[in-house]
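A.B. asks: data.pdb (PDB, C-alpha atoms) pasted underneath:
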```
ATOM      1  CA  MET U   1      -7.047 -53.995-165.156
ATOM      2  CA  GLU U   2      -3.457 -54.102-166.467
ATOM      3  CA  ARG U   3      -2.713 -50.786-164.739
ATOM      4  CA  HIS U   4      -3.676 -52.212-161.373
ATOM      5  CA  VAL U   5      -1.583 -55.330-161.966
ATOM      6  CA  MET U   6       1.405 -53.197-162.967
ATOM      7  CA  ALA U   7       0.874 -50.859-160.022
ATOM      8  CA  GLY U   8       0.677 -53.869-157.718
ATOM      9  CA  ALA U   9       3.868 -55.313-159.181
ATOM     10  CA  LEU U  10       5.648 -51.967-158.758
ATOM     11  CA  THR U  11       4.417 -51.676-155.175
ATOM     12  CA  ALA U  12       5.464 -55.235-154.393
ATOM     13  CA  SER U  13       8.933 -54.733-155.835
ATOM     14  CA  LEU U  14       9.421 -51.523-153.873
ATOM     15  CA  LEU U  15       8.143 -53.038-150.642
ATOM     16  CA  LEU U  16       9.958 -56.342-150.980
ATOM     17  CA  GLY U  17      13.156 -54.588-151.966
ATOM     18  CA  GLY U  18      12.976 -52.499-148.792
ATOM     19  CA  PHE U  19      12.078 -55.451-146.571
ATOM     20  CA  THR U  20      14.851 -57.612-148.022
ATOM     21  CA  LEU U  21      17.425 -54.923-147.384
ATOM     22  CA  SER U  22      16.180 -54.111-143.892
ATOM     23  CA  LEU U  23      16.117 -57.751-142.759
ATOM     24  CA  ALA U  24      19.327 -58.915-144.457
ATOM     25  CA  GLU U  25      22.804 -58.920-142.987
ATOM     26  CA  PRO U  26      24.861 -55.796-143.740
ATOM     27  CA  VAL U  27      26.831 -55.957-146.995
ATOM     28  CA  ALA U  28      30.502 -54.956-146.985
ATOM     29  CA  VAL U  29      31.206 -51.792-148.994
ATOM     30  CA  ARG U  30      34.008 -52.355-151.490
ATOM     31  CA  TYR U  31      33.689 -49.083-153.374
ATOM     32  CA  ALA U  32      31.852 -45.959-152.265
ATOM     33  CA  GLU U  33      28.852 -44.953-154.344
ATOM     34  CA  GLY U  34      28.996 -41.870-156.510
ATOM     35  CA  LEU U  35      26.619 -39.665-158.431
ATOM     36  CA  VAL U  36      24.023 -41.388-160.609
ATOM     37  CA  HIS U  37      21.262 -39.983-162.799
ATOM     38  CA  GLY U  38      19.279 -42.567-164.720
ATOM     39  CA  PHE U  39      16.486 -41.764-167.151
ATOM     40  CA  LEU U  40      13.967 -44.608-166.947
ATOM     41  CA  ALA U  41      10.949 -45.858-168.858
ATOM     42  CA  LEU U  42       8.402 -48.270-167.374
ATOM     43  CA  ARG U  43       6.665 -50.291-170.075
ATOM     44  CA  ALA U  44       3.921 -52.916-170.211
ATOM     45  CA  LEU U  45       4.754 -56.341-171.627
ATOM     46  CA  ASP U  46       3.471 -55.218-175.034
ATOM     47  CA  GLY U  47       5.889 -52.252-175.027
ATOM     48  CA  THR U  48       3.326 -49.559-174.212
ATOM     49  CA  LEU U  49       4.894 -46.727-172.212
ATOM     50  CA  LEU U  50       3.306 -46.543-168.750
ATOM     51  CA  ALA U  51       5.620 -44.070-167.005
ATOM     52  CA  ASN U  52       8.815 -42.070-167.326
ATOM     53  CA  GLY U  53      11.168 -42.007-164.397
ATOM     54  CA  ASP U  54      14.355 -40.741-162.845
ATOM     55  CA  LEU U  55      16.865 -42.433-160.600
ATOM     56  CA  ILE U  56      19.048 -39.911-158.778
ATOM     57  CA  GLN U  57      21.726 -40.974-156.332
ATOM     58  CA  VAL U  58      24.023 -38.765-154.273
ATOM     59  CA  ALA U  59      26.719 -39.867-151.826
ATOM     60  CA  ARG U  60      28.002 -37.599-149.033
ATOM     61  CA  GLY U  61      29.638 -38.172-145.657
ATOM     62  CA  GLY U  62      29.371 -41.957-145.588
ATOM     63  CA  ARG U  63      25.729 -41.973-146.738
ATOM     64  CA  ALA U  64      24.126 -42.645-150.099
ATOM     65  CA  THR U  65      20.679 -41.239-150.901
ATOM     66  CA  SER U  66      18.801 -42.782-153.809
ATOM     67  CA  GLN U  67      15.551 -41.350-155.182
ATOM     68  CA  LEU U  68      13.431 -43.278-157.697
ATOM     69  CA  THR U  69      10.467 -41.406-159.186
ATOM     70  CA  PHE U  70       7.975 -42.530-161.837
ATOM     71  CA  HIS U  71       5.487 -40.154-163.495
ATOM     72  CA  PHE U  72       2.648 -42.093-165.111
ATOM     73  CA  LYS U  73       0.750 -40.972-168.211
ATOM     74  CA  ASP U  74      -2.465 -40.546-166.175
ATOM     75  CA  GLY U  75      -0.762 -38.145-163.726
ATOM     76  CA  SER U  76      -0.019 -40.754-161.032
ATOM     77  CA  VAL U  77       3.312 -40.557-159.193
ATOM     78  CA  SER U  78       5.407 -43.164-157.403
ATOM     79  CA  ASP U  79       8.332 -41.766-155.413
ATOM     80  CA  GLU U  80      10.844 -43.666-153.270
ATOM     81  CA  THR U  81      13.792 -42.254-151.325
ATOM     82  CA  ALA U  82      16.200 -44.666-149.639
ATOM     83  CA  ILE U  83      19.174 -43.716-147.473
ATOM     84  CA  PHE U  84      22.057 -46.135-146.820
ATOM     85  CA  THR U  85      25.271 -45.977-144.831
ATOM     86  CA  GLU U  86      28.502 -46.544-146.710
ATOM     87  CA  SER U  87      30.910 -46.553-143.770
ATOM     88  CA  GLY U  88      32.306 -50.078-144.001
ATOM     89  CA  LYS U  89      28.906 -51.751-144.414
ATOM     90  CA  LEU U  90      25.911 -50.976-146.591
ATOM     91  CA  ILE U  91      22.973 -50.658-144.170
ATOM     92  CA  LEU U  92      19.495 -49.298-144.882
ATOM     93  CA  LEU U  93      18.861 -46.278-142.641
ATOM     94  CA  SER U  94      15.454 -45.319-144.039
ATOM     95  CA  ASP U  95      13.138 -45.834-146.984
ATOM     96  CA  HIS U  96      10.113 -43.663-147.825
ATOM     97  CA  VAL U  97       7.629 -44.585-150.567
ATOM     98  CA  THR U  98       4.661 -42.485-151.680
ATOM     99  CA  GLN U  99       2.219 -43.454-154.415
ATOM    100  CA  LYS U 100      -0.790 -41.465-155.532
ATOM    101  CA  GLY U 101      -3.042 -41.080-158.543
ATOM    102  CA  PRO U 102      -5.416 -43.223-160.639
ATOM    103  CA  THR U 103      -2.828 -45.967-161.312
ATOM    104  CA  PHE U 104      -2.764 -46.844-157.623
ATOM    105  CA  PRO U 105      -6.011 -48.153-156.078
ATOM    106  CA  ARG U 106      -5.011 -46.636-152.689
ATOM    107  CA  PRO U 107      -2.777 -43.610-152.085
ATOM    108  CA  LEU U 108       0.178 -44.929-150.081
ATOM    109  CA  ASP U 109       2.732 -43.454-147.702
ATOM    110  CA  LEU U 110       5.188 -46.083-146.442
ATOM    111  CA  VAL U 111       8.177 -45.469-144.169
ATOM    112  CA  ILE U 112      10.815 -48.029-143.202
ATOM    113  CA  ASP U 113      12.951 -46.839-140.296
ATOM    114  CA  PRO U 114      14.842 -49.830-138.848
ATOM    115  CA  GLN U 115      16.313 -47.812-135.923
ATOM    116  CA  ARG U 116      12.943 -46.623-134.541
ATOM    117  CA  CYS U 117       9.887 -48.434-135.822
ATOM    118  CA  PRO U 118      10.467 -51.004-138.562
ATOM    119  CA  VAL U 119       7.550 -50.107-140.881
ATOM    120  CA  THR U 120       4.802 -47.485-140.936
ATOM    121  CA  VAL U 121       2.148 -47.636-143.666
ATOM    122  CA  ARG U 122      -0.543 -45.029-144.261
ATOM    123  CA  TYR U 123      -3.118 -45.365-146.989
ATOM    124  CA  LYS U 124      -6.622 -44.240-147.794
ATOM    125  CA  GLU U 125      -9.638 -46.369-148.653
ATOM    126  CA  TYR U 126     -12.514 -45.043-150.700
ATOM    127  CA  ASP U 127     -16.086 -46.059-149.882
ATOM    128  CA  GLY U 128     -17.171 -46.192-153.535
ATOM    129  CA  ILE U 129     -18.894 -42.817-153.334
ATOM    130  CA  GLY U 130     -15.648 -40.835-153.225
ATOM    131  CA  ASN U 131     -15.361 -40.451-149.458
ATOM    132  CA  VAL U 132     -12.059 -41.229-147.755
ATOM    133  CA  VAL U 133     -12.115 -43.875-145.017
ATOM    134  CA  VAL U 134      -8.896 -44.034-142.948
TER     135      VAL U 134
END
```
Would you mind writing the file's structure down as structure tokens?
C.D. replies:
Amino acid sequence: MERHVMAGALTASLLLGGFTLSLAEPVAVRYAEGLVHGFLALRALDGTLLANGDLIQVARGGRATSQLTFHFKDGSVSDETAIFTESGKLILLSDHVTQKGPTFPRPLDLVIDPQRCPVTVRYKEYDGIGNVVV
């Protein structure tokens, strides 16, 4: 049960973070982003390690690309790649989230593309027997 709550919280934070950025006014860029590599640990409230992760950010040609990946102990993976402009204003260009594995009740593929179609979500439902219902 705790896994599903944590997975839901992670999904909500990723989704809400993307929606907040895509609907908010552009933020002025004071300093251009640089290279970042963070080594992350996702823990339950009791301190139990749930997942190890990486945050990798690269900035080139007025764009910053940030990738956040978590590898869970049960083999599940959550991966998010966000691309922002850095030319004067920080604007979300795209955000792509995939989640799959036992930690997540439904495999998820979410794309935020404000220039074309605001949000596309693909996920699979299981009928309880193991069959995929789309």
A.B. asks: Expand the PyMOL selection byres ((chain U and resi 23-38) around 9) into the explicit residue set it covers here, and present it as a PDB file with C-alpha atoms, keeping the file's coordinate frame.
C.D. replies:
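In the end it all went to result_4.pdb:
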```
ATOM      1  CA  GLY U  18      12.976 -52.499-148.792  1.00  0.00           C
ATOM      2  CA  PHE U  19      12.078 -55.451-146.571  1.00  0.00           C
ATOM      3  CA  THR U  20      14.851 -57.612-148.022  1.00  0.00           C
ATOM      4  CA  LEU U  21      17.425 -54.923-147.384  1.00  0.00           C
ATOM      5  CA  SER U  22      16.180 -54.111-143.892  1.00  0.00           C
ATOM      6  CA  PHE U  39      16.486 -41.764-167.151  1.00  0.00           C
ATOM      7  CA  LEU U  40      13.967 -44.608-166.947  1.00  0.00           C
ATOM      8  CA  GLY U  53      11.168 -42.007-164.397  1.00  0.00           C
ATOM      9  CA  ASP U  54      14.355 -40.741-162.845  1.00  0.00           C
ATOM     10  CA  LEU U  55      16.865 -42.433-160.600  1.00  0.00           C
ATOM     11  CA  ILE U  56      19.048 -39.911-158.778  1.00  0.00           C
ATOM     12  CA  GLN U  57      21.726 -40.974-156.332  1.00  0.00           C
ATOM     13  CA  VAL U  58      24.023 -38.765-154.273  1.00  0.00           C
ATOM     14  CA  ALA U  59      26.719 -39.867-151.826  1.00  0.00           C
ATOM     15  CA  ARG U  60      28.002 -37.599-149.033  1.00  0.00           C
ATOM     16  CA  GLY U  62      29.371 -41.957-145.588  1.00  0.00           C
ATOM     17  CA  ARG U  63      25.729 -41.973-146.738  1.00  0.00           C
ATOM     18  CA  ALA U  64      24.126 -42.645-150.099  1.00  0.00           C
ATOM     19  CA  SER U  66      18.801 -42.782-153.809  1.00  0.00           C
ATOM     20  CA  GLU U  86      28.502 -46.544-146.710  1.00  0.00           C
ATOM     21  CA  SER U  87      30.910 -46.553-143.770  1.00  0.00           C
ATOM     22  CA  GLY U  88      32.306 -50.078-144.001  1.00  0.00           C
ATOM     23  CA  LYS U  89      28.906 -51.751-144.414  1.00  0.00           C
ATOM     24  CA  LEU U  90      25.911 -50.976-146.591  1.00  0.00           C
ATOM     25  CA  ILE U  91      22.973 -50.658-144.170  1.00  0.00           C
ATOM     26  CA  LEU U  92      19.495 -49.298-144.882  1.00  0.00           C
ATOM     27  CA  PRO U 114      14.842 -49.830-138.848  1.00  0.00           C
TER      28      PRO U 114
END
```
A.B. asks: Run the PyMOL selection byres ((chain U and resi 76-83) around 9) on the file and write out the hits as a VMD selection string.
C.D. replies: chain U and resid 10 to 11 14 18 51 63 to 75 84 to 85 91 to 104
A.B. asks: To one decimal in Å, tell me the separation between atom CA of Val121 of chain U and atom CA of Leu49 of chain U.
C.D. replies: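 So the answer is 28.7 Å.
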A.B. asks: Report, in Å with one decimal, the straight-line distance from atom CA of Asp46 of chain U to atom CA of Pro105 of chain U.
C.D. replies: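 Interatomic distance here is 22.3 Å.
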A.B. asks: Distance atom CA of Asn52 of chain U-atom CA of Leu110 of chain U, one decimal place?
C.D. replies: 21.6 Å
A.B. asks: Mind working out the centre and edge lengths of an axis-aligned box for segment 29-44 of chain U, all listed atoms inside, 3 Å added to each side, rounded to one decimal in Å and written as lines of an AutoDock Vina configuration file?
C.D. replies:
```
center_x = 19.0
center_y = -46.3
center_z = -159.6
size_x = 36.1
size_y = 19.3
size_z = 27.2
```
